[in-house]
file data.cif (mmCIF, C-alpha atoms)
data_model
#
loop_
_atom_site.group_PDB
_atom_site.id
_atom_site.type_symbol
_atom_site.label_atom_id
_atom_site.label_comp_id
_atom_site.auth_asym_id
_atom_site.auth_seq_id
_atom_site.Cartn_x
_atom_site.Cartn_y
_atom_site.Cartn_z
ATOM 1 C CA MET A 1 -48.801 72.903 9.653
ATOM 2 C CA PRO A 2 -49.611 72.123 6.019
ATOM 3 C CA ALA A 3 -48.765 68.755 4.595
ATOM 4 C CA ARG A 4 -45.629 68.385 2.563
ATOM 5 C CA GLY A 5 -45.988 70.534 -0.540
ATOM 6 C CA ALA A 6 -49.653 71.358 0.190
ATOM 7 C CA GLY A 7 -50.859 74.082 -2.118
ATOM 8 C CA THR A 8 -47.461 74.751 -3.656
ATOM 9 C CA GLY A 9 -47.044 71.958 -6.158
ATOM 10 C CA GLU A 10 -43.556 71.465 -4.740
ATOM 11 C CA ASP A 11 -42.177 68.751 -2.508
ATOM 12 C CA VAL A 12 -40.540 70.909 0.177
ATOM 13 C CA ALA A 13 -39.213 69.976 3.594
ATOM 14 C CA THR A 14 -41.623 70.642 6.438
ATOM 15 C CA ASP A 15 -40.709 72.634 9.533
ATOM 16 C CA VAL A 16 -40.704 69.395 11.528
ATOM 17 C CA GLU A 17 -38.236 67.756 9.127
ATOM 18 C CA ILE A 18 -35.935 70.783 9.216
ATOM 19 C CA GLU A 19 -36.000 70.956 13.019
ATOM 20 C CA ARG A 20 -35.465 67.181 13.303
ATOM 21 C CA GLY A 21 -32.510 67.313 10.922
ATOM 22 C CA LEU A 22 -30.888 70.230 12.767
ATOM 23 C CA ALA A 23 -31.388 68.704 16.229
ATOM 24 C CA THR A 24 -30.035 65.340 15.094
ATOM 25 C CA LEU A 25 -27.023 66.992 13.487
ATOM 26 C CA ALA A 26 -26.006 68.960 16.571
ATOM 27 C CA ALA A 27 -26.464 65.986 18.892
ATOM 28 C CA THR A 28 -24.676 63.492 16.640
ATOM 29 C CA LEU A 29 -21.726 65.727 15.742
ATOM 30 C CA ASN A 30 -21.163 66.595 19.407
ATOM 31 C CA ASP A 31 -21.568 62.977 20.550
ATOM 32 C CA GLN A 32 -19.102 61.724 17.950
ATOM 33 C CA GLY A 33 -16.634 64.512 18.725
ATOM 34 C CA LEU A 34 -15.841 65.294 15.097
ATOM 35 C CA SER A 35 -13.056 67.849 14.885
ATOM 36 C CA GLU A 36 -13.648 68.960 11.283
ATOM 37 C CA PHE A 37 -16.693 69.456 9.086
ATOM 38 C CA ASP A 38 -17.274 66.563 6.671
ATOM 39 C CA ALA A 39 -20.113 67.352 4.253
ATOM 40 C CA GLY A 40 -20.532 63.693 3.253
ATOM 41 C CA ARG A 41 -20.866 62.508 6.841
ATOM 42 C CA VAL A 42 -23.227 65.375 7.714
ATOM 43 C CA GLN A 43 -25.383 64.510 4.677
ATOM 44 C CA GLN A 44 -25.600 60.896 5.871
ATOM 45 C CA ILE A 45 -26.732 62.046 9.330
ATOM 46 C CA VAL A 46 -29.403 64.386 7.911
ATOM 47 C CA THR A 47 -30.741 61.792 5.483
ATOM 48 C CA ALA A 48 -30.884 59.119 8.200
ATOM 49 C CA SER A 49 -32.705 61.523 10.549
ATOM 50 C CA LEU A 50 -35.435 61.864 7.904
ATOM 51 C CA GLY A 51 -35.962 58.128 7.449
ATOM 52 C CA GLY A 52 -33.592 57.838 4.505
ATOM 53 C CA GLU A 53 -35.355 60.528 2.490
ATOM 54 C CA PRO A 54 -32.988 63.151 1.015
ATOM 55 C CA ALA A 55 -35.336 66.079 1.732
ATOM 56 C CA LEU A 56 -32.431 68.286 2.848
ATOM 57 C CA THR A 57 -28.964 68.662 1.337
ATOM 58 C CA VAL A 58 -25.726 69.881 2.859
ATOM 59 C CA ASP A 59 -23.225 72.113 1.068
ATOM 60 C CA ASP A 60 -19.461 72.121 1.640
ATOM 61 C CA GLY A 61 -19.633 75.162 3.922
ATOM 62 C CA GLY A 62 -22.230 73.770 6.325
ATOM 63 C CA GLY A 63 -25.378 75.161 4.739
ATOM 64 C CA LEU A 64 -28.526 73.016 4.880
ATOM 65 C CA HIS A 65 -30.850 73.438 1.867
ATOM 66 C CA ASP A 66 -34.388 72.285 1.090
ATOM 67 C CA GLU A 67 -35.503 70.914 -2.292
ATOM 68 C CA THR A 68 -35.919 74.425 -3.728
ATOM 69 C CA GLY A 69 -32.287 75.233 -2.944
ATOM 70 C CA ALA A 70 -33.147 77.743 -0.219
ATOM 71 C CA ARG A 71 -30.800 77.630 2.762
ATOM 72 C CA VAL A 72 -32.899 76.634 5.771
ATOM 73 C CA GLY A 73 -30.121 75.915 8.253
ATOM 74 C CA ALA A 74 -26.416 76.125 8.957
ATOM 75 C CA ILE A 75 -23.987 73.921 10.838
ATOM 76 C CA ARG A 76 -20.971 75.497 12.505
ATOM 77 C CA ARG A 77 -18.430 74.765 15.194
ATOM 78 C CA THR A 78 -17.807 77.202 18.037
ATOM 79 C CA ASP A 79 -14.351 78.206 19.210
ATOM 80 C CA SER A 80 -14.854 75.883 22.193
ATOM 81 C CA GLY A 81 -15.444 72.917 19.829
ATOM 82 C CA GLU A 82 -19.217 72.577 20.171
ATOM 83 C CA TRP A 83 -21.239 71.939 17.007
ATOM 84 C CA ILE A 84 -24.306 74.149 16.532
ATOM 85 C CA ALA A 85 -27.037 73.635 13.940
ATOM 86 C CA GLU A 86 -29.208 76.726 13.475
ATOM 87 C CA ARG A 87 -32.333 77.521 11.526
ATOM 88 C CA GLN A 88 -31.933 80.099 8.738
ATOM 89 C CA ASN A 89 -34.497 82.369 7.128
ATOM 90 C CA SER A 90 -35.112 80.729 3.745
ATOM 91 C CA ALA A 91 -36.845 83.911 2.498
ATOM 92 C CA ALA A 92 -33.787 86.077 3.156
ATOM 93 C CA GLU A 93 -31.918 87.657 0.285
ATOM 94 C CA ARG A 94 -29.270 85.289 -1.158
ATOM 95 C CA SER A 95 -30.556 82.323 0.863
ATOM 96 C CA HIS A 96 -29.869 80.125 -2.169
ATOM 97 C CA THR A 97 -26.157 80.912 -1.945
ATOM 98 C CA ALA A 98 -23.980 78.150 -0.539
ATOM 99 C CA ILE A 99 -22.038 78.967 2.594
ATOM 100 C CA PRO A 100 -18.354 78.993 1.638
ATOM 101 C CA GLY A 101 -16.236 76.337 3.273
ATOM 102 C CA PRO A 102 -13.286 77.177 5.476
ATOM 103 C CA PRO A 103 -10.015 77.770 3.620
ATOM 104 C CA SER A 104 -7.836 74.726 3.330
ATOM 105 C CA SER A 105 -5.067 74.570 5.854
ATOM 106 C CA SER A 106 -1.702 73.690 4.391
ATOM 107 C CA PRO A 107 0.954 71.991 6.548
ATOM 108 C CA LEU A 108 2.993 75.218 6.473
ATOM 109 C CA ARG A 109 0.017 77.306 7.672
ATOM 110 C CA ARG A 110 -0.661 74.842 10.520
ATOM 111 C CA LEU A 111 3.017 74.980 11.542
ATOM 112 C CA LEU A 112 3.010 78.776 11.513
ATOM 113 C CA ALA A 113 -0.153 78.815 13.607
ATOM 114 C CA LYS A 114 1.464 76.506 16.169
ATOM 115 C CA LEU A 115 4.596 78.631 16.314
ATOM 116 C CA ASN A 116 2.527 81.782 16.774
ATOM 117 C CA ILE A 117 0.523 80.241 19.628
ATOM 118 C CA ARG A 118 3.601 79.044 21.464
ATOM 119 C CA GLY A 119 5.326 82.326 21.378
#
call {"tool": "encode", "arguments": {"input": "data.cif", "output": "structure tokens"}}
result
Amino acid sequence: MPARGAGTGEDVATDVEIERGLATLAATLNDQGLSEFDAGRVQQIVTASLGGEPALTVDDGGGLHDETGARVGAIRRTDSGEWIAERQNSAAERSHTAIPGPPSSSPLRRLLAKLNIRG
């Protein structure tokens, strides 16, 4: 694996850093039992997993981006409540686009959802 930024003139995250960040995210989010995505908290976890270096950034929708802005990973929660952090193809079309966050849930919407579930 080439050294960080070798031959590109850019300081980009290495495959090892991306994999470390994703693995740490999934393990930490599941261990802490977070019920909702918190971009600030997720950013703290990623930065800490890389020795305090902000080589990867998190967007509000759970996208993980390298220094070039390319999306290299995504964090999501399954219907069963498990957090999954997956690698993304940074060369894919529109990989620089942030993943949109979930729509905000108003108190009325939450109440309607509860009423619908119960019958």
call {"tool": "atom_distance", "arguments": {"input": "data.cif", "atom1": "CA of Ala23 in chain A", "atom2": "CA of Ile75 in chain A"}}
result
10.5 Å
call {"tool": "closest_residue", "arguments": {"input": "data.cif", "among": "A:Thr57, A:Ala70, A:Thr14, A:Ser49", "to": "Ala26 in chain A", "atoms": "only C-alpha atoms"}}
result
A:Ser49
call {"tool": "closest_residue", "arguments": {"input": "data.cif", "among": "A:Val16, A:Leu115, A:Leu56, A:Val46", "to": "Thr68 in chain A", "atoms": "only C-alpha atoms"}}
result
A:Leu56
call {"tool": "resolve_selection", "arguments": {"input": "data.cif", "expression": "the PyMOL selection byres ((chain A and resi 40-42) around 12)", "output": "PyMOL selection string"}}
result
chain A and resi 21-22+24-30+32+34+36-39+43-49+56-64+74-76+83+85
call {"tool": "atom_distance", "arguments": {"input": "data.cif", "atom1": "CA of Asp79 in chain A", "atom2": "CA of His65 in chain A"}}
result
24.4 Å
call {"tool": "resolve_selection", "arguments": {"input": "data.cif", "expression": "the PyMOL selection byres ((chain A and resi 72) around 7)", "output": "ChimeraX atom specification"}}
result
/A:64-66,70-71,73,87-90
call {"tool": "atom_distance", "arguments": {"input": "data.cif", "atom1": "CA of Arg20 in chain A", "atom2": "CA of Glu53 in chain A"}}
result
12.7 Å
call {"tool": "decode", "arguments": {"input": "data.cif", "residues": "range 50-91 of chain A", "atoms": "C-alpha atoms", "output": "PDB file, in the first residue's frame"}}
result
ATOM      1  CA  LEU A  50      -7.158   7.814  13.830  1.00  0.00           C
ATOM      2  CA  GLY A  51      -5.052   9.123  16.711  1.00  0.00           C
ATOM      3  CA  GLY A  52      -6.743  12.514  16.814  1.00  0.00           C
ATOM      4  CA  GLU A  53      -6.079  13.243  13.149  1.00  0.00           C
ATOM      5  CA  PRO A  54      -9.160  14.476  11.238  1.00  0.00           C
ATOM      6  CA  ALA A  55      -8.366  12.454   8.095  1.00  0.00           C
ATOM      7  CA  LEU A  56     -12.033  11.511   7.634  1.00  0.00           C
ATOM      8  CA  THR A  57     -15.148  13.648   8.057  1.00  0.00           C
ATOM      9  CA  VAL A  58     -18.741  12.674   8.711  1.00  0.00           C
ATOM     10  CA  ASP A  59     -21.742  14.339   7.079  1.00  0.00           C
ATOM     11  CA  ASP A  60     -25.193  14.704   8.646  1.00  0.00           C
ATOM     12  CA  GLY A  61     -26.572  11.713   6.739  1.00  0.00           C
ATOM     13  CA  GLY A  62     -23.907   9.227   7.821  1.00  0.00           C
ATOM     14  CA  GLY A  63     -21.492   9.576   4.921  1.00  0.00           C
ATOM     15  CA  LEU A  64     -17.768   9.272   5.672  1.00  0.00           C
ATOM     16  CA  HIS A  65     -15.531  11.411   3.420  1.00  0.00           C
ATOM     17  CA  ASP A  66     -11.777  11.601   2.856  1.00  0.00           C
ATOM     18  CA  GLU A  67      -9.828  14.859   2.467  1.00  0.00           C
ATOM     19  CA  THR A  68     -10.786  15.149  -1.215  1.00  0.00           C
ATOM     20  CA  GLY A  69     -14.480  15.068  -0.315  1.00  0.00           C
ATOM     21  CA  ALA A  70     -15.063  11.642  -1.861  1.00  0.00           C
ATOM     22  CA  ARG A  71     -17.449   9.455   0.122  1.00  0.00           C
ATOM     23  CA  VAL A  72     -15.464   6.416   1.253  1.00  0.00           C
ATOM     24  CA  GLY A  73     -17.925   4.960   3.746  1.00  0.00           C
ATOM     25  CA  ALA A  74     -21.423   5.134   5.161  1.00  0.00           C
ATOM     26  CA  ILE A  75     -22.877   4.557   8.603  1.00  0.00           C
ATOM     27  CA  ARG A  76     -26.438   3.298   8.918  1.00  0.00           C
ATOM     28  CA  ARG A  77     -28.704   1.597  11.407  1.00  0.00           C
ATOM     29  CA  THR A  78     -30.603  -1.565  10.507  1.00  0.00           C
ATOM     30  CA  ASP A  79     -34.263  -2.103  11.308  1.00  0.00           C
ATOM     31  CA  SER A  80     -33.149  -4.377  14.160  1.00  0.00           C
ATOM     32  CA  GLY A  81     -31.107  -1.511  15.694  1.00  0.00           C
ATOM     33  CA  GLU A  82     -27.607  -2.642  14.726  1.00  0.00           C
ATOM     34  CA  TRP A  83     -25.175  -0.003  13.448  1.00  0.00           C
ATOM     35  CA  ILE A  84     -23.301  -0.891  10.252  1.00  0.00           C
ATOM     36  CA  ALA A  85     -20.348   1.012   8.804  1.00  0.00           C
ATOM     37  CA  GLU A  86     -19.654   0.090   5.178  1.00  0.00           C
ATOM     38  CA  ARG A  87     -16.970   0.945   2.676  1.00  0.00           C
ATOM     39  CA  GLN A  88     -18.119   2.943  -0.367  1.00  0.00           C
ATOM     40  CA  ASN A  89     -16.602   3.217  -3.823  1.00  0.00           C
ATOM     41  CA  SER A  90     -14.989   6.668  -3.795  1.00  0.00           C
ATOM     42  CA  ALA A  91     -14.642   6.556  -7.610  1.00  0.00           C
TER      43      ALA A  91
END
